[in-house]
Structure formats: structure tokens, C-alpha cells
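Accompanying notes for the structure given below.
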Amino acid sequence: MSWYTIDTWIVIVGVLCAISCALPGCYLLLRQMSMMGDAISHAVLPGLAIAFMVTGSRSSIGMFIGAAVVGVLTAVFTQWISSWGKVDRGASMGIVFTTLFALGLLLIVQAADHVDLDPGCVLYGAIEMTPLDVFTSFTVAGVAIDIPRAAIVLLGVLLLNLIIILAFFKELKIAAFDPELATSLGINAQWMHYLLMTLVAITTVAAFEAVGSIIVIAMLIVPAAIAYLLTDRLWVMLVISAVFAALSAVLGHVSAIGLPHLFGMESTTTSGMMAVVLGVFFIIVWLVSPRQGLLRRQIFGKTVASKEDLMHE
Amino acid sequence: MKCFRLQYTFVKVVALAAILFANSSCKQETTGEYHEFHTQGHVEVVATVGMIADIVREVGGAHANVSALIGEGVDPHLYKPTRDDVIKLQRADMVFYNGLFLEGKMGDILVQLARTGKPVYAVTEAILGDAEYVLVNDSEHFDPHVWMDVRGWIKATEVVVDALVTFDAMHRELFEAQGAAYIEKLKTLDEYTKTVMKTIPEYQRILVTAHDAFNYMGRAYGLEVLGIQGISTESEAGVKDIENLVDLMVERQIPAVFVETSVADKNVKALIEGASAKGHDVIIGGELFSDAMGPSGSYEGTYIGMIDHNVSVIARALGGEAPAGGFQGRLNLE
């Protein structure tokens with residue numbers, strides 16, 4: 001196995017992508033709406049299609065905005081349907097995102113058939129290709145460094161997520177655990193909900209290109225789920241999820257290029273291997289976690305953590 | 001307290017990972033040093049499909065080290081490049097691809113590679129200027145299967161010769177001589193194909209295949225071409241298309257249909273069953289190489305062998321005459 005510049009960039013893009021997803025993922029998990037990422041990542045299709053039709057270009061800021069807007073709309077519509085109709089949130093999510101996804105398909109087939117919005121890329125992403133799309137180049141000590149566009153975009157999204165979470169840490173936390181308490185404390189829980197949904201939409205769209213719409217769900221949920229098994233403090237949970245997310249990107253890529261070569265095969269897809277690594281991490285932590293692990297529960301027959309502990313740290 | 005210890009462990013793990021990562025980063029090789037080839041004496045060339053790699057091998061000879069990304073039996077329309085492919089492309093001195101959207105999913109990468117200043121050539125670029133030559137299907141997509149017409153592939157060879165000469169002017173005479181020799185061989189193959197196709201009874205010059213890859217061949221050598229998958233992409237209409245094809249085959253007593261190495265053959269089997277239900281027995285005339293060549297190292301694993309195989313198999317199955325050894329006596333069709 002040999003390591004090239006492109007591998008370094010794939011890992012950097014992977015790490016940025018995984019951490020960007022893990023942070024809002026923690027809040028989704030705590031609010032028991034993990035599949036919102038799934039809904040949003042599918043529902044953005046009409047946004048992509050409309051933006052393409054309006055701007056006529058495939059790699060534009062327009063598509064990003066279009067997708068992010070539809071992503072937020074998904075959250076809004078889901079909220080409306082579940083609060084006004086006799087429909088639970090899971091079902092209303094199912095109604096909204098499938099309808100939007102179907103609308104997006106119709107738009108693409110009818111008006112933009114010649115566009116190569118490749119389903120394979122949408123499903124698995126093309127993280128291996130991201131280093132080729134260079135945003136800017138500069139030279140440090142005689143070594144040319146080409147920074148991929150995906151790395152810049154994901155770094156921006158990561159910083160945005162960090163800033164919002166740090167700035168609204170208390171508000172987001174209380175709104176996540178107890179919307180009524182939040183309202184009585186003068187926090188607009190509804191507003192916090194949409195703020196979080198906006199973050200999820202932006203993150204999902206940015207991660208979409210690198211890891212695809214299925215793997216992005218793993219990035220949102222699994223690091224958060226691992227962290228939730230290990231701690232009941234919110235900020236620790238955020239840190240742990242970010243660490244596991246970053247580890248999955250590094251180990252995922254190393255396994256993707258290393259493991260198949262052991263059997264004389266060519267390297268496999270990095271995004272897929274990242275999700276597999278996350279799954280393995282989860283199983284290990286689920287078995288041996290000191291607080292909620294299966295082994296501990298088998299021995300002591302009880303669990304300790306609860307939402308209340310997380311709340312009153 | 002427990003949390004603290006846990007975090008400490010994580011810090012250690014992260015530090016360890018960082019050290020491993022940094023170490024391996026030191027081994028990284030920089031790209032962009034591709035003009036150092038003169039020290040090694042040969043040009044590193046990457047081609048997308050085998051047919052193009054074969055041209056470069058013939059023209060470049062010992063001065064070109066060629067590899068093809070898309071292997072035998074793989075459909076280039078659907079091929080998704082891997083990280084290893086990207087590295088091969090980045091490390092190559094030159095890159096050749098077919099163009100006309102054959103490499104559907106690699107288009108963006110090739111554009112980005114060209115932007116870095118690497119010589120990237122579409123072998124169909126000479127043809128693209130000739131609006132009369134390029135075939136366009138119903139939905140105005142280019143038909144990329146130019147190699148099915150040997151004269152089209154001669155034009156592709158000329159593009160390769162020019163590109164190699166531009167890149168390595170020191171070996172100009174060699175490349176031009178080897179290119180001319182290869183074009184001579186191709187012209188002989190073209191003549192053979194014309195002769196053999198004429199032996200097929202005129203009313204039976206119909207080629208029914210799994211997908212629309214043979215239109216250039218049909219136009220160049222006077223065959224009517226009907227691809228099952230190419231006609232329509234809608235599955236509902238597909239059933240109707242198969243019925244129409246069956247009627248046509250019964251009416252004109254077409255003796256054989258053909259399967260392709262890189263396309264699933266279930267539609268072709270449906271045709272045969274449909275025809276036999278109407279009392280007309282159709283056989284599978286043979287397996288044709290459409291988008292990929294045969295196994296590397298074999299005669300069918302070269303462009304000439306691939307076309308020779310296709311032409312001879314088609315002619316023999318449709319009632320024409322072709323030697324069992326093909327045009328060079330290297331096939332084994334008996």
C-alpha cells in the first residue's frame with residue numbers, strides 16, 4: 001500500500017465531512033429525529049433540479065442554496081403536517097420527503113434529462129474524486145498545495161456548525177430536551193428547531209457530494225449514537241462523536257485502500273468503508289461501554305444514563 | 001472521573017493516529033513531475049478503454065507504457081473510476097479517452113486533469129469536427145461506438161500519432177512509421193470486412209443485438225442494425241419493441257441474433273423465445289465484443305482481433321462466408 005497526496009486529501013475531506021455531520025447529528029439523536037437527515041438528503045433533489053434549471057450550471061453556489069432551502073422546507077412541512085394533522089412525526093417525514101423526492105425525479109426526467117445527475121454518485125458519493133476539483137493552489141517551501149473545493153466547503157460548514165452550537169449551546173440544549181421549559185425561559189423552541197434543521201440541511205447538502213445520500217445518514221447518526229453510549233454530558237457527547245467521526249474517516253480510507261490489496265484486489269470505495277468502520281465502532285462500544293454496554297448490563301442488570309442526567313449536568 | 005479517563009484514552013488514540021498519519025504522509029509522492037520520462041526512456045500512457053490502449057501500444061511500441069482503466073467485459077458507459085484509477089491518471093504522462101460521452105462518469109475527471117496541464121486527448125476529436133460522420137440517436141446523444149467502423153478507428157489512430165509526436169518529438173519518425181504500419185493493417189481489415197459482409201445474402205443483412213453499439217458498423221458495411229436496448233429506455237415500450245422485433249424476424253426469416261460480452265443477454269433470450277413461439281427458430285449467432293475487447297493476451301484482446309471476431313461471427317451466422325480462422329487465420333470459430 002502506498003500513500004499519495006490524493007489520499008491525504010481524501011482523508012482530510014472525510015474527516016471534515018464526518019465531524020460536520022456528527023455535531024448536528026448529536027442533537028438529532030437526542031431529539032429522537034435521527035432520520036431527519038435521511039429525509040433531508042433525499043428531499044433536496046427538487047432543490048438541486050430547480051437550481052440547475054435556473055442557473056444552468058451543475059457546480060454552482062445556486063445548487064447549494066436551492067438544496068439547502070428545500071432541506072429547510074422539508075423540516076417545516078414535516079412540522080406542519082405532524083402538528084396540524086393526526087399524523088405522527090415519522091409518518092409526516094415519510095410523506096414529505098418521498099413527495100419532494102418524487103417531484104425532483106419528475107423535474108429531472110422532464111426538464112433536465114441530459115443532466116448527468118448520476119444516481120451512483122448520489123447514493124455513494126465520490127470522495128475519491130474530490131481532490132481533483134481544485135479550489136485554489138499555492139506553494140509552501142517549494143511544494144505545490146492544491147486545496148480541493150470540497151475541503152473548503154466542508155471546512156466552512158464545520159466552522160458554521162461549531163459557531164452556531166457554541167453561540168446557542170444553552171438554547172439548543174434546553175429546546176432539545178424540554179421545549180416547554182425552553183418557552184417558559186423565554187427561548188423560542190420553534191426557532192431553535194428550525195435553526196437546527198437549517199444546520200442539518202446545509203451539512204447534508206455539503207456532505208452529499210463527498211459521501212452520498214445514504215452514507216451521510218451513517219455520518220449523522222452513528223457517531224452520535226456511539227457518544228451517547230459513553231457519556232451523559234452534552235458537550236462530552238459532542239466531543240466524543242467528533243473524535244469517532246474523525247477516526248472513522250482515517251481508518252475508513254486506510255482500510256479502503258489497504259484491505260483489498262491484501263487479497264490482490266483494487267482499492268474499494270472510501271465512503272462505504274467509513275460507514276462500515278463506524279458500524280464496527282458502534283458494535284464494540286455497545287458491547288463494552290462502561291455505562292450502558294451490553295456486557296455491563298449483563299453483569300449488573302441496570303442502566304444508568306438518562307436524558308435527565310444529560311439535562312442537569 | 002470516569003469521563004475524564006475516557007477522554008484521556010481518546011487523546012492517546014488520536015495522538016497515535018496522528019503520528020501514523022504523519023508518518024505515512026511523509027511517504028507521499030508528489031504528482032506533476034511527469035516530464036521526467038526521458039530518463040526512463042518511455043512515455044507512461046493511460047487509456048480509458050482497451051481499444052484505445054491497443055492503438056497506443058501499436059504506435060508507441062517500446063516507447064510507450066500503456067495501461068487501460070476499463071477492463072475486459074466491463075461496460076464503459078457505467079464504469080465508475082476508483083481511487084487507484086485517479087492515481088494512475090495523475091501519474092500518467094498522457095491520457096487518451098474515446099469521447100462522445102462513452103466514458104459517462106469519467107468526463108468530469110478528464111476535464112479536471114486537462115485543466116492541470118496534462119495532455120489529455122479524445123481519440124474521436126478528429127471525427128467530432130465532421131458533422132456528417134458522427135451519428136446521433138433519437139434523443140440527440142452522440143453515438144460513441146466509433147471503433148465499430150474501422151475507418152473511424154483509422155482517424156482515431158491519426159489522433160494518437162499526432163499526440164505522441166507532439167509530446168515526444170524526439171521519436172517523431174518512429175511514431176509516424178509505426179502509426180502508418182498500423183493504419184495499413186487496419187485498411188486490410190477494413191477491406192476484409194467489406195468483402196465478408198457482401199457474402200451475406202442481401203435480405204439477411206440485419207444485425208439484431210442487445211444494445212445499440214453497431215450503428216457505425218452497419219453504416220460502413222451495409223448492415224441494418226437493430227439494438228433491443230437502444231430503441232427505448234422505457235420498460236413498458238420495451239415489451240412492444242421486442243414484439244415488433246419478433247414479427248420482423250419471422251417475416252424476414254432472420255436466422256440469428258447476437259449477444260454481447262459486456263451486456264446482459266436476457267432481452268436477446270426473450271426475442272428467441274418469442275420467435276420460436278411463432279414457429280421461427282432463431283439461434284444465438286455468437287457473442288460479440290461491443291464495448292470491451294476479449295481477455296488480454298488473446299487475439300480477441302486486440303482491436304484487430306475483436307473486429308475480426310465480430311465480423312467473421314456475424315457473417316457466418318447470417319448465411320455469409322468467412323474463413324473459420326478470420327482474416328489472419330488467428331480465430332477459432334469452428
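If you're wondering about the labels, chains in the C-alpha cells are A, B, ... by order shown, residues count from 1 in each chain, ligands from 1 in order shown.
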Those of range 151-220 of chain B in DSSP strand (DSSP E), formatted as a VMD selection string: chain B and resid 206 to 209
Quick one: contact table of chain A to chain B, 10 Å max, nearest atom pair and distance in Å to one decimal per residue, counting only C-alpha atoms, chain and number order, as a tab-separated table?
residue	atom	partner	partner_atom	distance
A:Ser2	CA	B:Gln28	CA	7.6
A:Trp3	CA	B:Gln28	CA	5.2
A:Tyr4	CA	B:Gln28	CA	4.5
A:Thr5	CA	B:Gln28	CA	5.8
A:Ile6	CA	B:Ile87	CA	7.6
A:Asp7	CA	B:Arg83	CA	8.4
A:Thr8	CA	B:Ser25	CA	7.0
A:Ile10	CA	B:Arg83	CA	9.4
A:Val11	CA	B:Phe21	CA	9.6
A:Asp113	CA	B:Ser139	CA	9.6
A:His114	CA	B:His141	CA	8.6
A:Asp116	CA	B:Gly104	CA	8.2
A:Leu117	CA	B:Lys105	CA	10.0
A:Asp118	CA	B:Lys105	CA	7.8
A:Gly120	CA	B:Lys80	CA	8.4
A:Cys121	CA	B:Lys80	CA	9.0
A:Ala126	CA	B:Thr82	CA	9.0
A:Ile127	CA	B:Arg83	CA	8.9
A:Glu128	CA	B:Arg83	CA	5.3
A:Met129	CA	B:Ile109	CA	7.3
A:Thr130	CA	B:Ile109	CA	9.5
A:Pro131	CA	B:Val86	CA	9.6
A:Leu132	CA	B:Gln112	CA	6.3
A:Asp133	CA	B:Gln112	CA	6.5
A:Val134	CA	B:Gln112	CA	8.3
A:Val143	CA	B:Thr30	CA	8.5
A:Ala144	CA	B:Thr30	CA	8.8
A:Ile145	CA	B:Thr30	CA	9.9
A:Leu230	CA	B:Cys3	CA	8.1
A:Thr231	CA	B:Cys3	CA	7.0
A:Asp232	CA	B:Cys3	CA	9.3
A:Arg233	CA	B:Cys3	CA	9.2
A:Val236	CA	B:Cys3	CA	8.2
A:Val239	CA	B:Gln7	CA	9.1
A:Ile240	CA	B:Gln7	CA	8.0
A:Val243	CA	B:Phe10	CA	7.7
A:Phe244	CA	B:Phe10	CA	9.2
A:Ala246	CA	B:Val14	CA	9.0
A:Leu247	CA	B:Val14	CA	7.7
A:Val250	CA	B:Ala17	CA	8.1
A:Leu251	CA	B:Ala17	CA	8.9
A:Val254	CA	B:Phe21	CA	9.7
A:Ala256	CA	B:Arg83	CA	9.5
A:Ile257	CA	B:Arg83	CA	8.2
A:Glu266	CA	B:Asp84	CA	6.9
A:Ser267	CA	B:Asp84	CA	6.4
A:Thr268	CA	B:Thr82	CA	7.1
A:Thr269	CA	B:Thr82	CA	7.1
A:Thr270	CA	B:Arg83	CA	8.6
A:Pro290	CA	B:Lys2	CA	8.7
A:Arg291	CA	B:Lys2	CA	9.6
Requested write-out: N, CA and C atoms of the selected residues, as a compact mmCIF listing (two decimals), in the first residue's frame:
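The new file result.txt reads:
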# COMPACT_ATOMS: atom_id res chain seq x y z
N SER A 2 0.67 2.11 -0.95
CA SER A 2 1.43 3.35 -0.95
C SER A 2 0.48 4.53 -0.81
N TRP A 3 1.04 5.60 -0.27
CA TRP A 3 0.22 6.75 0.10
C TRP A 3 0.56 7.92 -0.81
N TYR A 4 -0.46 8.53 -1.40
CA TYR A 4 -0.24 9.65 -2.31
C TYR A 4 -0.89 10.91 -1.76
N THR A 5 -0.58 12.03 -2.40
CA THR A 5 -1.20 13.30 -2.00
C THR A 5 -2.72 13.19 -1.98
N ILE A 6 -3.25 12.50 -2.99
CA ILE A 6 -4.69 12.37 -3.11
C ILE A 6 -5.28 11.68 -1.88
N ASP A 7 -4.52 10.72 -1.30
CA ASP A 7 -5.02 10.02 -0.11
C ASP A 7 -5.11 10.97 1.08
N THR A 8 -4.11 11.82 1.22
CA THR A 8 -4.15 12.80 2.30
C THR A 8 -5.39 13.67 2.16
N ILE A 10 -8.19 12.96 0.53
CA ILE A 10 -9.41 12.19 0.75
C ILE A 10 -9.68 12.09 2.24
N VAL A 11 -8.61 11.82 3.03
CA VAL A 11 -8.78 11.70 4.47
C VAL A 11 -9.20 13.04 5.07
N ASP A 113 -33.19 16.13 -18.57
CA ASP A 113 -32.85 14.73 -18.82
C ASP A 113 -31.38 14.58 -19.20
N HIS A 114 -30.85 15.59 -19.85
CA HIS A 114 -29.47 15.49 -20.31
C HIS A 114 -28.46 15.71 -19.19
N ASP A 116 -26.27 14.97 -16.15
CA ASP A 116 -25.71 13.75 -15.60
C ASP A 116 -25.72 13.83 -14.08
N LEU A 117 -26.93 13.83 -13.50
CA LEU A 117 -27.03 13.73 -12.03
C LEU A 117 -27.03 12.24 -11.73
N ASP A 118 -25.85 11.73 -11.59
CA ASP A 118 -25.64 10.31 -11.59
C ASP A 118 -26.15 9.65 -10.30
N GLY A 120 -25.57 6.81 -9.01
CA GLY A 120 -24.50 6.16 -8.27
C GLY A 120 -23.77 7.15 -7.37
N CYS A 121 -23.53 8.33 -7.91
CA CYS A 121 -22.83 9.37 -7.15
C CYS A 121 -23.71 9.87 -6.01
N ALA A 126 -18.65 10.59 -4.20
CA ALA A 126 -17.44 10.39 -4.98
C ALA A 126 -16.29 11.07 -4.26
N ILE A 127 -16.03 10.64 -3.02
CA ILE A 127 -14.99 11.29 -2.22
C ILE A 127 -13.63 11.11 -2.87
N GLU A 128 -13.45 10.01 -3.62
CA GLU A 128 -12.17 9.75 -4.28
C GLU A 128 -11.88 10.82 -5.33
N MET A 129 -12.94 11.43 -5.86
CA MET A 129 -12.76 12.39 -6.94
C MET A 129 -12.57 13.81 -6.43
N THR A 130 -12.93 14.07 -5.17
CA THR A 130 -12.92 15.45 -4.69
C THR A 130 -11.54 16.11 -4.78
N PRO A 131 -10.42 15.40 -4.57
CA PRO A 131 -9.12 16.11 -4.63
C PRO A 131 -8.83 16.69 -6.01
N LEU A 132 -9.51 16.18 -7.06
CA LEU A 132 -9.21 16.66 -8.41
C LEU A 132 -9.85 18.01 -8.69
N ASP A 133 -10.90 18.33 -7.91
CA ASP A 133 -11.60 19.59 -8.14
C ASP A 133 -10.93 20.66 -7.27
N VAL A 134 -9.92 21.29 -7.84
CA VAL A 134 -9.07 22.18 -7.05
C VAL A 134 -9.71 23.57 -6.93
N VAL A 143 6.71 23.28 -2.26
CA VAL A 143 5.76 22.20 -2.50
C VAL A 143 4.41 22.82 -2.89
N ALA A 144 3.92 22.43 -4.06
CA ALA A 144 2.63 22.96 -4.51
C ALA A 144 1.50 22.28 -3.74
N ILE A 145 0.60 23.08 -3.20
CA ILE A 145 -0.53 22.53 -2.47
C ILE A 145 -1.80 22.94 -3.18
N LEU A 230 -21.53 6.47 25.69
CA LEU A 230 -20.35 6.63 26.51
C LEU A 230 -20.46 7.75 27.54
N THR A 231 -21.41 8.64 27.37
CA THR A 231 -21.45 9.78 28.27
C THR A 231 -22.88 10.25 28.45
N ASP A 232 -23.12 11.04 29.51
CA ASP A 232 -24.40 11.71 29.57
C ASP A 232 -24.21 13.21 29.83
N ARG A 233 -23.14 13.73 29.27
CA ARG A 233 -22.97 15.19 29.25
C ARG A 233 -22.96 15.63 27.80
N VAL A 236 -19.52 16.65 26.24
CA VAL A 236 -18.64 15.48 26.07
C VAL A 236 -19.14 14.63 24.91
N VAL A 239 -17.94 16.09 21.74
CA VAL A 239 -16.51 15.85 21.51
C VAL A 239 -16.27 14.40 21.10
N ILE A 240 -16.88 13.47 21.84
CA ILE A 240 -16.65 12.05 21.54
C ILE A 240 -17.15 11.72 20.13
N VAL A 243 -14.66 12.87 17.65
CA VAL A 243 -13.45 12.04 17.62
C VAL A 243 -13.71 10.75 16.84
N PHE A 244 -14.85 10.08 17.15
CA PHE A 244 -15.16 8.85 16.42
C PHE A 244 -15.38 9.12 14.94
N ALA A 246 -13.95 11.47 13.14
CA ALA A 246 -12.65 11.67 12.50
C ALA A 246 -11.91 10.34 12.36
N LEU A 247 -11.96 9.51 13.42
CA LEU A 247 -11.29 8.20 13.36
C LEU A 247 -11.86 7.35 12.24
N VAL A 250 -10.31 8.37 8.92
CA VAL A 250 -8.92 7.94 8.75
C VAL A 250 -8.86 6.43 8.54
N LEU A 251 -9.45 5.68 9.49
CA LEU A 251 -9.41 4.22 9.38
C LEU A 251 -10.17 3.73 8.16
N VAL A 254 -7.90 4.22 5.12
CA VAL A 254 -6.76 3.29 5.18
C VAL A 254 -7.24 1.86 4.88
N ALA A 256 -9.92 1.09 3.16
CA ALA A 256 -10.42 1.02 1.78
C ALA A 256 -9.28 0.80 0.80
N ILE A 257 -8.12 1.42 1.06
CA ILE A 257 -7.03 1.22 0.11
C ILE A 257 -6.12 0.07 0.53
N GLU A 266 -8.18 -4.28 -6.23
CA GLU A 266 -8.00 -2.83 -6.26
C GLU A 266 -8.74 -2.21 -5.08
N SER A 267 -8.38 -0.96 -4.78
CA SER A 267 -8.98 -0.32 -3.62
C SER A 267 -10.48 -0.16 -3.79
N THR A 268 -11.18 -0.15 -2.65
CA THR A 268 -12.63 -0.06 -2.70
C THR A 268 -13.08 1.35 -2.33
N THR A 269 -14.39 1.55 -2.23
CA THR A 269 -14.89 2.90 -2.01
C THR A 269 -14.68 3.35 -0.56
N THR A 270 -14.15 4.57 -0.41
CA THR A 270 -13.81 5.07 0.91
C THR A 270 -15.05 5.40 1.74
N PRO A 290 -18.68 1.35 29.37
CA PRO A 290 -18.69 1.21 30.83
C PRO A 290 -20.05 1.55 31.44
N ARG A 291 -20.87 2.34 30.79
CA ARG A 291 -22.13 2.76 31.40
C ARG A 291 -23.31 1.93 30.91
Selection: 9 Å around range 288-299 of chain B, only C-alpha atoms, excl. self and same-chain fewer than 2 positions, as an mmCIF file with N, CA and C atoms, in the first residue's frame:
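Below is the file that was written, out11.cif:
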data_model
loop_
_atom_site.group_PDB
_atom_site.id
_atom_site.type_symbol
_atom_site.label_atom_id
_atom_site.label_comp_id
_atom_site.auth_asym_id
_atom_site.auth_seq_id
_atom_site.Cartn_x
_atom_site.Cartn_y
_atom_site.Cartn_z
ATOM 1 N N VAL B 49 -10.325 2.854 -22.430
ATOM 2 C CA VAL B 49 -10.754 1.512 -22.850
ATOM 3 C C VAL B 49 -9.634 0.800 -23.606
ATOM 4 N N GLY B 50 -9.745 -0.533 -23.678
ATOM 5 C CA GLY B 50 -8.708 -1.364 -24.269
ATOM 6 C C GLY B 50 -8.442 -1.062 -25.731
ATOM 7 N N MET B 51 -9.497 -0.705 -26.467
ATOM 8 C CA MET B 51 -9.329 -0.445 -27.901
ATOM 9 C C MET B 51 -8.347 0.710 -28.118
ATOM 10 N N ILE B 70 -10.466 0.523 -17.984
ATOM 11 C CA ILE B 70 -11.688 -0.279 -18.015
ATOM 12 C C ILE B 70 -11.363 -1.620 -18.652
ATOM 13 N N GLY B 71 -11.493 -2.669 -17.904
ATOM 14 C CA GLY B 71 -11.020 -3.984 -18.322
ATOM 15 C C GLY B 71 -11.996 -4.711 -19.225
ATOM 16 N N GLU B 72 -11.645 -5.974 -19.535
ATOM 17 C CA GLU B 72 -12.469 -6.768 -20.434
ATOM 18 C C GLU B 72 -13.843 -7.037 -19.812
ATOM 19 N N GLY B 73 -14.853 -7.042 -20.673
ATOM 20 C CA GLY B 73 -16.196 -7.391 -20.219
ATOM 21 C C GLY B 73 -16.854 -6.357 -19.332
ATOM 22 N N VAL B 74 -16.291 -5.145 -19.251
ATOM 23 C CA VAL B 74 -16.882 -4.114 -18.398
ATOM 24 C C VAL B 74 -17.501 -3.035 -19.285
ATOM 25 N N ASP B 75 -18.686 -2.577 -18.905
ATOM 26 C CA ASP B 75 -19.412 -1.593 -19.681
ATOM 27 C C ASP B 75 -18.876 -0.192 -19.376
ATOM 28 N N PRO B 76 -18.224 0.461 -20.355
ATOM 29 C CA PRO B 76 -17.635 1.777 -20.064
ATOM 30 C C PRO B 76 -18.672 2.860 -19.784
ATOM 31 N N HIS B 77 -19.912 2.657 -20.264
ATOM 32 C CA HIS B 77 -20.945 3.670 -20.008
ATOM 33 C C HIS B 77 -21.184 3.819 -18.514
ATOM 34 N N HIS B 145 -19.732 4.673 -30.318
ATOM 35 C CA HIS B 145 -19.094 3.392 -30.668
ATOM 36 C C HIS B 145 -18.385 3.452 -32.020
ATOM 37 N N MET B 148 -16.398 0.599 -34.193
ATOM 38 C CA MET B 148 -17.059 -0.445 -34.955
ATOM 39 C C MET B 148 -16.886 -0.242 -36.462
ATOM 40 N N THR B 209 -28.913 -7.060 -32.005
ATOM 41 C CA THR B 209 -28.013 -7.202 -30.851
ATOM 42 C C THR B 209 -28.675 -6.658 -29.593
ATOM 43 N N HIS B 211 -27.661 -4.178 -27.416
ATOM 44 C CA HIS B 211 -27.787 -2.721 -27.332
ATOM 45 C C HIS B 211 -27.205 -2.063 -28.563
ATOM 46 N N ALA B 213 -24.875 -0.725 -30.308
ATOM 47 C CA ALA B 213 -23.455 -0.391 -30.370
ATOM 48 C C ALA B 213 -22.899 -0.520 -31.777
ATOM 49 N N PHE B 214 -23.735 -0.956 -32.725
ATOM 50 C CA PHE B 214 -23.177 -1.365 -34.018
ATOM 51 C C PHE B 214 -23.612 -0.476 -35.171
ATOM 52 N N PHE B 258 -27.579 -11.789 -31.793
ATOM 53 C CA PHE B 258 -26.256 -11.813 -31.163
ATOM 54 C C PHE B 258 -26.298 -11.263 -29.742
ATOM 55 N N VAL B 259 -25.476 -11.849 -28.882
ATOM 56 C CA VAL B 259 -25.329 -11.330 -27.521
ATOM 57 C C VAL B 259 -23.993 -10.585 -27.446
ATOM 58 N N GLU B 260 -23.843 -9.787 -26.400
ATOM 59 C CA GLU B 260 -22.613 -9.008 -26.251
ATOM 60 C C GLU B 260 -21.931 -9.379 -24.943
ATOM 61 N N THR B 261 -20.589 -9.273 -24.945
ATOM 62 C CA THR B 261 -19.853 -9.695 -23.753
ATOM 63 C C THR B 261 -20.089 -8.774 -22.570
ATOM 64 N N SER B 262 -20.393 -7.493 -22.835
ATOM 65 C CA SER B 262 -20.483 -6.560 -21.716
ATOM 66 C C SER B 262 -21.917 -6.155 -21.394
ATOM 67 N N VAL B 263 -22.906 -6.854 -21.987
ATOM 68 C CA VAL B 263 -24.313 -6.516 -21.717
ATOM 69 C C VAL B 263 -25.056 -7.802 -21.371
ATOM 70 N N GLY B 286 -23.750 -15.842 -31.875
ATOM 71 C CA GLY B 286 -22.440 -15.779 -31.238
ATOM 72 C C GLY B 286 -22.375 -14.585 -30.310
ATOM 73 N N GLY B 301 -8.259 -10.019 -27.660
ATOM 74 C CA GLY B 301 -7.925 -8.937 -26.749
ATOM 75 C C GLY B 301 -7.205 -7.790 -27.432
ATOM 76 N N THR B 302 -7.108 -7.844 -28.774
ATOM 77 C CA THR B 302 -6.580 -6.713 -29.526
ATOM 78 C C THR B 302 -7.713 -6.134 -30.360
ATOM 79 N N TYR B 303 -7.550 -4.897 -30.804
ATOM 80 C CA TYR B 303 -8.616 -4.276 -31.583
ATOM 81 C C TYR B 303 -8.869 -5.053 -32.866
ATOM 82 N N ILE B 304 -7.797 -5.405 -33.566
ATOM 83 C CA ILE B 304 -7.975 -6.113 -34.836
ATOM 84 C C ILE B 304 -8.658 -7.458 -34.607
ATOM 85 N N GLY B 305 -8.236 -8.164 -33.563
ATOM 86 C CA GLY B 305 -8.834 -9.455 -33.261
ATOM 87 C C GLY B 305 -10.303 -9.324 -32.912
ATOM 88 N N MET B 306 -10.649 -8.267 -32.182
ATOM 89 C CA MET B 306 -12.027 -8.035 -31.762
ATOM 90 C C MET B 306 -12.931 -7.817 -32.979
ATOM 91 N N ILE B 307 -12.491 -6.953 -33.899
ATOM 92 C CA ILE B 307 -13.304 -6.666 -35.082
ATOM 93 C C ILE B 307 -13.363 -7.897 -35.983
ATOM 94 N N HIS B 309 -13.164 -10.974 -35.096
ATOM 95 C CA HIS B 309 -14.092 -11.905 -34.465
ATOM 96 C C HIS B 309 -15.541 -11.516 -34.761
ATOM 97 N N ASN B 310 -15.869 -10.237 -34.500
ATOM 98 C CA ASN B 310 -17.243 -9.781 -34.706
ATOM 99 C C ASN B 310 -17.689 -10.011 -36.150
ATOM 100 N N VAL B 311 -16.859 -9.547 -37.074
ATOM 101 C CA VAL B 311 -17.223 -9.605 -38.491
ATOM 102 C C VAL B 311 -17.399 -11.051 -38.935
ATOM 103 N N VAL B 313 -17.949 -13.752 -37.124
ATOM 104 C CA VAL B 313 -19.072 -14.408 -36.452
ATOM 105 C C VAL B 313 -20.392 -13.979 -37.085
ATOM 106 N N ILE B 314 -20.529 -12.671 -37.336
ATOM 107 C CA ILE B 314 -21.777 -12.158 -37.913
ATOM 108 C C ILE B 314 -22.001 -12.765 -39.293
ATOM 109 N N ARG B 330 -6.250 -16.377 -37.370
ATOM 110 C CA ARG B 330 -5.943 -16.490 -35.941
ATOM 111 C C ARG B 330 -7.168 -16.726 -35.082
ATOM 112 N N LEU B 331 -8.353 -16.715 -35.709
ATOM 113 C CA LEU B 331 -9.563 -17.005 -34.942
ATOM 114 C C LEU B 331 -9.783 -18.507 -34.897
#
Spatial neighbours of Leu16 in chain A, max dist 8 Å, only C-alpha atoms, sep filter under 4 positions, as a PyMOL selection string: chain A and resi 12+20+151+154-155+158+246
Spatial neighbours of Ala275 in chain A, max dist 9 Å, only C-alpha atoms, sep filter under 5 positions, as an MDAnalysis selection string: chainID A and resid 215:216 218:219 222 248:249 252 270 280
Residues flagged alpha helix (DSSP H) by DSSP in range 14-172 of chain B, as JSON, numbers by chain: {"B": [14, 15, 16, 17, 18, 19, 20, 21, 22, 23, 24, 25, 26, 37, 38, 39, 40, 50, 51, 52, 53, 54, 55, 56, 57, 58, 59, 60, 83, 84, 85, 86, 87, 88, 89, 90, 91, 107, 108, 109, 110, 111, 112, 113, 114, 115, 125, 126, 127, 128, 150, 151, 152, 153, 154, 155, 156, 157, 158, 159, 160, 161, 162, 163, 164, 165, 166, 167, 172]}
d(CA of Leu29 in chain A, CA of Trp80 in chain A) in Å: 20.8 Å
Residues within 8 Å of Thr136 in chain A, only C-alpha atoms, excluding chain neighbours under 6 positions, as a list in words: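 Skipping anything fewer than 6 positions along the chain leaves Asp146, Ile147, Pro148 and Arg149 of chain A.
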Limited to N, CA and C atoms, could you put the picked residues into a file as a PDB file, in the first residue's frame?
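Dumped to selection-v3.pdb:
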ATOM      1  N   ASP A 146      -2.566  21.949  -3.627  1.00  0.00           N
ATOM      2  CA  ASP A 146      -3.836  22.217  -4.291  1.00  0.00           C
ATOM      3  C   ASP A 146      -4.960  21.907  -3.313  1.00  0.00           C
ATOM      4  N   ILE A 147      -5.672  22.937  -2.906  1.00  0.00           N
ATOM      5  CA  ILE A 147      -6.740  22.698  -1.934  1.00  0.00           C
ATOM      6  C   ILE A 147      -8.035  22.378  -2.670  1.00  0.00           C
ATOM      7  N   PRO A 148      -8.621  21.194  -2.415  1.00  0.00           N
ATOM      8  CA  PRO A 148      -9.851  20.822  -3.119  1.00  0.00           C
ATOM      9  C   PRO A 148     -11.021  21.704  -2.666  1.00  0.00           C
ATOM     10  N   ARG A 149     -11.939  21.933  -3.595  1.00  0.00           N
ATOM     11  CA  ARG A 149     -13.121  22.730  -3.291  1.00  0.00           C
ATOM     12  C   ARG A 149     -13.925  22.102  -2.151  1.00  0.00           C
TER      13      ARG A 149
END
Which residue of A:Pro179, A:Gly90, A:Gly293, A:Pro46 approaches Tyr228 in chain A most closely, using only C-alpha atoms: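 For Tyr228 in chain A, the nearest of the candidates is A:Gly293.
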Contacts of Glu209 in chain A within 7 Å, only C-alpha atoms, excl. fewer than 2 positions in-chain, as a PyMOL selection string: chain A and resi 125-126+206-207+211-212
Length of the CA of Gly14 in chain A to CA of Ser271 in chain A vector [Å]: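 Going from CA of Gly14 in chain A over to CA of Ser271 in chain A covers 7.9 Å.
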